[in-house]
Amino acid sequence: MSEFPTSTSNMTLDDASTLCEHCDWGFLVPAGEALPVCPHCQRAVLTLTAQLAAGAAAPELAVPFSVTDVDLTANLQRFASGFLFAPPDLTAGNLRSRLQSLYLPRWLVDCDVQAEWRAEVGFNYQVVSHEDQYSDATRQWQSREVRETRVRWETRVGRLVRRYENVVAPAMEEDEAVRQRLGDFDLTPAAPVAGRLPESALIRTANRSTEDAWSDAAPAIRQRAAAECGAACRAHHIREFEWRPQFGNRQWTHLVLPVYASYYADADGVVYPVFIHGQTGKVYGRKQAAFRPARNLTLALGAAGLLILLASLLLVLLEGFLVETGGALSGLGALGVLVAMALGIAAVLPVAYVWIFNRRQPPDPLL
Amino acid sequence: MSHNSSMSQTFPPPDYIAVESAVSGIEIFKPAPPTAPHREVVTFKCPGCGANTAYSITERGLVCTYCGYHQAPRHGPVGEEAAGFEFTVDVVARASHGWGVARKELVCQNCGAHTTLPAQSLSHTCPFCASNRVVQRQAPQDELRPRFLLPFQVEAEAVRGIARGWLGSSWMMPAGLHQAASRADFIAIYLPGWSFDLRCAGAWQAEVGYKNRDKIKWRWQTGAVRQSFSNHLVSGTARIPPRLLASIWDFRLAGLAPYEPDYLAGFQAQAYDTPLESAWKTAHREIRERTVQAARAQALEADKAQKLRNFTLNVDFADEEWRYLLLPFYLAAYEHGGKTYQVVINGQSGGIAGQRPADWLKVGAVVALLLAAGPLLYLFSILGLSQVTDAASAVACLAVLLSMAGIAAALAILAAAARLDDV
């Protein structure tokens, strides 16, 4: 079996295989489209690698975009707001206008399995016990039956001849990171790719061969087999499942998953990518509070506090050496000192907020 | 891909049987249940000479009295660690049924007792009422099969001596009772019992009264008791009065052995007529009372604690297990004065309990004599010694003392006779 499926029935000769030299993500760009900025890192323009090179396999199944406009807008709005000193460029409208359709790859494998297996299967059963209560007041016992569920373990061995279909295996190294940050995908709506994918959609190329992916698929098949053996025994639990399998007739399918990519820039022009789950609308990205406005506010508060402090000290001096007002100026001066101290403490808050907020953001790059 | 050396080249492994699978394409095998082939009838015949064999208490195995052949039981004692059953919802449905050996069940028309006999027995005496009238009936198959039993340790020859010693120990018993009991035939019989294991945790709350100078000061206290009960025995038969069984209910379960038909060869056995649920409730009742006593004792442990009031206790039972056992007894029934009396001997310890009538005529005569001695002497002092004033006074005093002593002795004898007469 070749390292990558070579079916290219849905691709044209003009579809370009490209690569980002900054983050090493590869993409298939639709024919006739200008080479875009890398939607993953937003740092470099994609460059051509080779036309339809081996590894740039066309997808056979695609999970369609299904997030509604309303949910998308609401999630973007929630992402763009809710924190102080947001960059002016970070708005739901901007994010929405810059959406780029993107497909992430995944492998599905079908295979035949013949195996001898052995396991311990557990059957639930209920044990009857009692809780009794005695009281001197009534001099009687009250008894309540209590049922407790326990598991009875028994040994089973057997043979298995089954075909397992659509076992999921990662087609890119970053698959687990995508799962953790955007969540999993519902593969039920996956449909054969008939014709072209949505216009201007980029397809991330797989950087994991089927040979590598098999090391993830095999445990998944084992897990399914264990569950089926437990179901075959009509057991409630299964443990210590062991088997000697023989796999055959493996068939790989290239599946793609829908994700939107967008971006915003902070006040210094640094671009931050944002990703949106194509089914649930979950948004993932680094929020960057702007340092400059926080710094300006800090300076303003600090300066105001300094001025008030100086004025207060002056009033105290006037009271002490020049003018007799019966303590009014001293009182005013003391009040002014307190206000200056409060302003001094408050001046630290904006920059502290920005520093703490930015430290808590997810790392970059995102996926 | 895993390679397990325990999955052998032959498949399925030996002693595994096929099980129905709920998923096509998957075959399932499970270990075959470890049961011996069921035989309707087990004939205890000596493989050497063909004579009948029976279980010998002395030899602790099947013995042929003609050629001396000996066969020990297949399994040795398991003691108090014998495996028990949990109280599952479907416990009765899971347990195996039947006795394992074809036995005749007999119903006594006199007292209604159900007893099973060895298949080769032709006649017997009902061990409960000494009746000789018996009807044979097919044994029911819906009874739980006993899993363990305590083999006999007291020889049949020793039983008569035990009975004679017990019956000849008091003048208050009727003459001839000794001989009547000596003529009684003791039947060796296994009677059913239930044993229970459980843990209980109790949380109590009470007002404890502490002595404070001349007053009692009340204070709320709480505490917890934890107890484990192992092999708590409850009788499985209602044919023997509980008060008789209670005085000889001192079995040592260290000698508990797995049930085998060989142990019953030549003995009678009775199936349970106190079902598991009733025995379980009895055990609960007894254990609850012990837990209450332990909790009360704990509450009064503190220094100067004297009284309790408003005591409440919550008890949780856990890890409850049960066993159906056969326990060894010797039963006899003897007649005296037109009445039938029961005697029971613990087949392991030799403890004896039973019904012994008191001869109330004899007791009454002695009591009358004791009560009359003082007044008679007093009358003598008045009538016979009226002329000798000093002597009369002395005798009168003596008569008074004798009357008081006679009353005390009479009361003691009546009490002893009442205890003795446990009919």
# chains A, B, ... in the order shown; residues from 1 in each chain; ligands from 1
>>> closest_atom_pairs(of="chain A", to="chain B", cutoff="7 Å", atoms="only C-alpha atoms", output="CSV")
residue,atom,partner,partner_atom,distance
A:Gln126,CA,B:Thr88,CA,5.6
A:Val127,CA,B:Thr88,CA,4.3
A:Val128,CA,B:Phe87,CA,5.7
A:Ser129,CA,B:Phe317,CA,6.0
A:His130,CA,B:Phe317,CA,5.5
A:Glu131,CA,B:Asp316,CA,4.6
A:Asp132,CA,B:Val315,CA,5.1
A:Gln133,CA,B:Asn314,CA,4.4
A:Tyr134,CA,B:Leu313,CA,5.1
A:Ser135,CA,B:Thr312,CA,4.3
A:Asp136,CA,B:Phe311,CA,5.2
A:Ala137,CA,B:Asn310,CA,6.5
A:Thr155,CA,B:Lys30,CA,6.4
A:Arg156,CA,B:Lys30,CA,4.9
A:Val157,CA,B:Phe29,CA,5.3
A:Gly158,CA,B:Ile28,CA,4.4
A:Arg159,CA,B:Glu27,CA,5.0
A:Leu160,CA,B:Ile26,CA,4.4
A:Val161,CA,B:Gly25,CA,5.0
A:Arg162,CA,B:Gly25,CA,5.8
A:Cys229,CA,B:Ile26,CA,6.9
A:Ala231,CA,B:Ala22,CA,6.7
A:Ala232,CA,B:Ala22,CA,4.2
A:Cys233,CA,B:Ser21,CA,6.0
A:Arg234,CA,B:Ala22,CA,6.7
A:Glu242,CA,B:Ser2,CA,6.9
A:Trp243,CA,B:Ser2,CA,6.2
A:Arg244,CA,B:Ser2,CA,5.8
A:Pro245,CA,B:Met1,CA,6.6
>>> select_by_dssp(residues="region 14-144 of chain A", states="alpha helix (DSSP H)", output="list of chain:residue names")
A:Asp69, A:Val70, A:Asp71, A:Leu72, A:Thr73, A:Ala74, A:Asn75, A:Leu76, A:Gln77, A:Arg78, A:Phe79, A:Ala80, A:Ala92, A:Gly93, A:Asn94, A:Leu95, A:Arg96, A:Ser97
>>> closest_residue(among="A:Leu76, A:Ala34, A:Leu314, A:Ile345", to="Asn94 (chain A)", atoms="only C-alpha atoms")
A:Leu76
>>> closest_residue(among="B:Asp250, B:Glu59, B:Asp15, B:Asp197", to="Phe329 (chain B)", atoms="only C-alpha atoms")
B:Asp250
>>> closest_residue(among="A:Glu154, A:Pro36, A:Gln246, A:Gln180", to="Pro33 (chain B)", atoms="only C-alpha atoms")
A:Glu154
>>> atom_distance(atom1="CA of Ala340 (chain A)", atom2="CA of Leu313 (chain A)")
10.8 Å
>>> atom_distance(atom1="CA of Glu228 (chain A)", atom2="CA of Asp216 (chain A)")
19.0 Å
>>> residues_around(residues="region 304-307 of chain A", least_positions_apart="4", cutoff="7 Å", atoms="only C-alpha atoms", output="ChimeraX atom specification")
/A:300,311,340-341,343-344
>>> atom_distance(atom1="CA of Pro258 (chain B)", atom2="CA of Arg150 (chain A)")
26.4 Å
>>> residues_around(residues="Val168 (chain A)", least_positions_apart="4", cutoff="7 Å", atoms="only C-alpha atoms", output="NGL selection string")
:A and (107-109 or 217)
>>> residues_around(residues="Ala396 (chain B)", least_positions_apart="6", cutoff="10 Å", atoms="only C-alpha atoms", output="ChimeraX atom specification")
/B:374-375,377-382,385,390,402
>>> write_last_selection(atoms="all heavy atoms", output="PDB file, in the first residue's frame")
ATOM      1  N   GLY B 374     -41.562 -29.004 111.635  1.00  0.00           N
ATOM      2  CA  GLY B 374     -41.547 -27.960 112.650  1.00  0.00           C
ATOM      3  C   GLY B 374     -42.845 -27.907 113.446  1.00  0.00           C
ATOM      4  O   GLY B 374     -42.838 -27.959 114.695  1.00  0.00           O
ATOM      5  N   PRO B 375     -43.978 -27.795 112.768  1.00  0.00           N
ATOM      6  CA  PRO B 375     -45.248 -27.777 113.525  1.00  0.00           C
ATOM      7  C   PRO B 375     -45.464 -29.021 114.396  1.00  0.00           C
ATOM      8  O   PRO B 375     -45.999 -28.930 115.497  1.00  0.00           O
ATOM      9  CB  PRO B 375     -46.301 -27.683 112.416  1.00  0.00           C
ATOM     10  CG  PRO B 375     -45.593 -27.015 111.283  1.00  0.00           C
ATOM     11  CD  PRO B 375     -44.193 -27.502 111.352  1.00  0.00           C
ATOM     12  N   LEU B 377     -43.223 -30.855 115.799  1.00  0.00           N
ATOM     13  CA  LEU B 377     -42.357 -30.742 116.985  1.00  0.00           C
ATOM     14  C   LEU B 377     -42.939 -29.737 117.967  1.00  0.00           C
ATOM     15  O   LEU B 377     -42.881 -29.896 119.193  1.00  0.00           O
ATOM     16  CB  LEU B 377     -40.943 -30.341 116.527  1.00  0.00           C
ATOM     17  CG  LEU B 377     -39.851 -30.429 117.587  1.00  0.00           C
ATOM     18  CD1 LEU B 377     -39.708 -31.905 118.037  1.00  0.00           C
ATOM     19  CD2 LEU B 377     -38.523 -29.926 117.062  1.00  0.00           C
ATOM     20  N   TYR B 378     -43.523 -28.692 117.429  1.00  0.00           N
ATOM     21  CA  TYR B 378     -44.134 -27.670 118.296  1.00  0.00           C
ATOM     22  C   TYR B 378     -45.327 -28.252 119.056  1.00  0.00           C
ATOM     23  O   TYR B 378     -45.509 -27.999 120.258  1.00  0.00           O
ATOM     24  CB  TYR B 378     -44.557 -26.476 117.448  1.00  0.00           C
ATOM     25  CG  TYR B 378     -45.057 -25.317 118.269  1.00  0.00           C
ATOM     26  CD1 TYR B 378     -44.165 -24.515 118.997  1.00  0.00           C
ATOM     27  CD2 TYR B 378     -46.432 -25.044 118.344  1.00  0.00           C
ATOM     28  CE1 TYR B 378     -44.609 -23.458 119.751  1.00  0.00           C
ATOM     29  CE2 TYR B 378     -46.871 -23.973 119.108  1.00  0.00           C
ATOM     30  CZ  TYR B 378     -45.983 -23.187 119.812  1.00  0.00           C
ATOM     31  OH  TYR B 378     -46.426 -22.149 120.578  1.00  0.00           O
ATOM     32  N   LEU B 379     -46.116 -29.042 118.325  1.00  0.00           N
ATOM     33  CA  LEU B 379     -47.258 -29.701 118.977  1.00  0.00           C
ATOM     34  C   LEU B 379     -46.770 -30.622 120.095  1.00  0.00           C
ATOM     35  O   LEU B 379     -47.371 -30.701 121.165  1.00  0.00           O
ATOM     36  CB  LEU B 379     -48.046 -30.522 117.939  1.00  0.00           C
ATOM     37  CG  LEU B 379     -49.043 -29.718 117.088  1.00  0.00           C
ATOM     38  CD1 LEU B 379     -49.664 -30.604 116.008  1.00  0.00           C
ATOM     39  CD2 LEU B 379     -50.135 -29.118 117.974  1.00  0.00           C
ATOM     40  N   PHE B 380     -45.726 -31.354 119.799  1.00  0.00           N
ATOM     41  CA  PHE B 380     -45.148 -32.245 120.801  1.00  0.00           C
ATOM     42  C   PHE B 380     -44.710 -31.453 122.034  1.00  0.00           C
ATOM     43  O   PHE B 380     -44.915 -31.863 123.170  1.00  0.00           O
ATOM     44  CB  PHE B 380     -43.974 -33.020 120.189  1.00  0.00           C
ATOM     45  CG  PHE B 380     -43.214 -33.845 121.186  1.00  0.00           C
ATOM     46  CD1 PHE B 380     -43.765 -34.991 121.735  1.00  0.00           C
ATOM     47  CD2 PHE B 380     -41.926 -33.464 121.611  1.00  0.00           C
ATOM     48  CE1 PHE B 380     -43.054 -35.745 122.673  1.00  0.00           C
ATOM     49  CE2 PHE B 380     -41.232 -34.216 122.538  1.00  0.00           C
ATOM     50  CZ  PHE B 380     -41.794 -35.357 123.075  1.00  0.00           C
ATOM     51  N   SER B 381     -44.136 -30.281 121.788  1.00  0.00           N
ATOM     52  CA  SER B 381     -43.642 -29.489 122.921  1.00  0.00           C
ATOM     53  C   SER B 381     -44.798 -28.989 123.758  1.00  0.00           C
ATOM     54  O   SER B 381     -44.688 -28.842 124.968  1.00  0.00           O
ATOM     55  CB  SER B 381     -42.806 -28.313 122.410  1.00  0.00           C
ATOM     56  OG  SER B 381     -43.645 -27.320 121.812  1.00  0.00           O
ATOM     57  N   ILE B 382     -45.925 -28.734 123.110  1.00  0.00           N
ATOM     58  CA  ILE B 382     -47.082 -28.228 123.861  1.00  0.00           C
ATOM     59  C   ILE B 382     -47.794 -29.376 124.595  1.00  0.00           C
ATOM     60  O   ILE B 382     -48.140 -29.275 125.771  1.00  0.00           O
ATOM     61  CB  ILE B 382     -48.082 -27.524 122.916  1.00  0.00           C
ATOM     62  CG1 ILE B 382     -47.437 -26.247 122.363  1.00  0.00           C
ATOM     63  CG2 ILE B 382     -49.367 -27.205 123.632  1.00  0.00           C
ATOM     64  CD1 ILE B 382     -48.262 -25.536 121.338  1.00  0.00           C
ATOM     65  N   LEU B 385     -44.740 -32.120 126.431  1.00  0.00           N
ATOM     66  CA  LEU B 385     -43.801 -31.605 127.425  1.00  0.00           C
ATOM     67  C   LEU B 385     -44.432 -30.463 128.214  1.00  0.00           C
ATOM     68  O   LEU B 385     -43.736 -29.567 128.683  1.00  0.00           O
ATOM     69  CB  LEU B 385     -42.523 -31.100 126.726  1.00  0.00           C
ATOM     70  CG  LEU B 385     -41.730 -32.133 125.938  1.00  0.00           C
ATOM     71  CD1 LEU B 385     -40.547 -31.483 125.221  1.00  0.00           C
ATOM     72  CD2 LEU B 385     -41.216 -33.231 126.879  1.00  0.00           C
ATOM     73  N   ASP B 390     -39.266 -25.896 131.023  1.00  0.00           N
ATOM     74  CA  ASP B 390     -38.006 -25.514 130.343  1.00  0.00           C
ATOM     75  C   ASP B 390     -37.803 -26.302 129.067  1.00  0.00           C
ATOM     76  O   ASP B 390     -37.410 -25.761 128.035  1.00  0.00           O
ATOM     77  CB  ASP B 390     -36.815 -25.741 131.297  1.00  0.00           C
ATOM     78  CG  ASP B 390     -36.856 -24.721 132.443  1.00  0.00           C
ATOM     79  OD1 ASP B 390     -37.546 -23.686 132.249  1.00  0.00           O
ATOM     80  OD2 ASP B 390     -36.216 -24.949 133.466  1.00  0.00           O
ATOM     81  N   LEU B 402     -36.864 -25.142 113.173  1.00  0.00           N
ATOM     82  CA  LEU B 402     -37.035 -26.231 112.208  1.00  0.00           C
ATOM     83  C   LEU B 402     -38.063 -25.859 111.159  1.00  0.00           C
ATOM     84  O   LEU B 402     -37.927 -26.180 109.977  1.00  0.00           O
ATOM     85  CB  LEU B 402     -37.442 -27.506 112.957  1.00  0.00           C
ATOM     86  CG  LEU B 402     -37.341 -28.813 112.153  1.00  0.00           C
ATOM     87  CD1 LEU B 402     -35.913 -29.078 111.720  1.00  0.00           C
ATOM     88  CD2 LEU B 402     -37.836 -29.988 113.013  1.00  0.00           C
TER      89      LEU B 402
END
>>> closest_residue(among="B:Trp194, B:Leu327, B:Gly347, B:Gly255", to="Ala283 (chain B)", atoms="only C-alpha atoms")
B:Trp194
>>> residues_around(residues="Gly183 (chain A)", least_positions_apart="4", cutoff="12 Å", atoms="only C-alpha atoms", output="short mmCIF file (atom, residue, chain, number, x, y, z; two decimals) with C-alpha atoms, in the first residue's frame")
data_model
loop_
_atom_site.label_atom_id
_atom_site.label_comp_id
_atom_site.auth_asym_id
_atom_site.auth_seq_id
_atom_site.Cartn_x
_atom_site.Cartn_y
_atom_site.Cartn_z
CA ASP A 175 -4.55 16.73 15.74
CA GLU A 176 -4.59 16.34 19.54
CA ALA A 177 -3.91 20.04 20.01
CA VAL A 178 -6.86 20.85 17.74
CA ARG A 179 -9.04 18.46 19.74
CA LEU A 257 -12.93 18.77 9.05
CA VAL A 259 -12.51 25.21 10.66
CA PHE A 275 -9.76 29.81 14.88
CA ILE A 276 -13.42 28.90 14.94
CA HIS A 277 -14.87 25.36 15.05
CA GLY A 278 -16.90 24.89 11.86
CA GLN A 279 -19.69 22.96 13.62
CA THR A 280 -19.97 24.33 17.15
CA GLY A 281 -18.66 27.85 16.58
CA LYS A 282 -16.24 27.60 19.49
CA VAL A 283 -13.59 30.30 19.17
CA TYR A 284 -9.97 29.77 20.14
#
>>> closest_residue(among="A:Arg222, A:Glu116, A:Asn207, A:Pro273", to="Thr10 (chain B)", atoms="only C-alpha atoms")
A:Glu116
>>> residues_around(residues="Val316 (chain A)", least_positions_apart="2", cutoff="7 Å", atoms="only C-alpha atoms", output="list in words")
Ser312, Leu313, Leu314, Leu318, Glu319, Gly320, Leu329, Ser330 and Gly333 of chain A
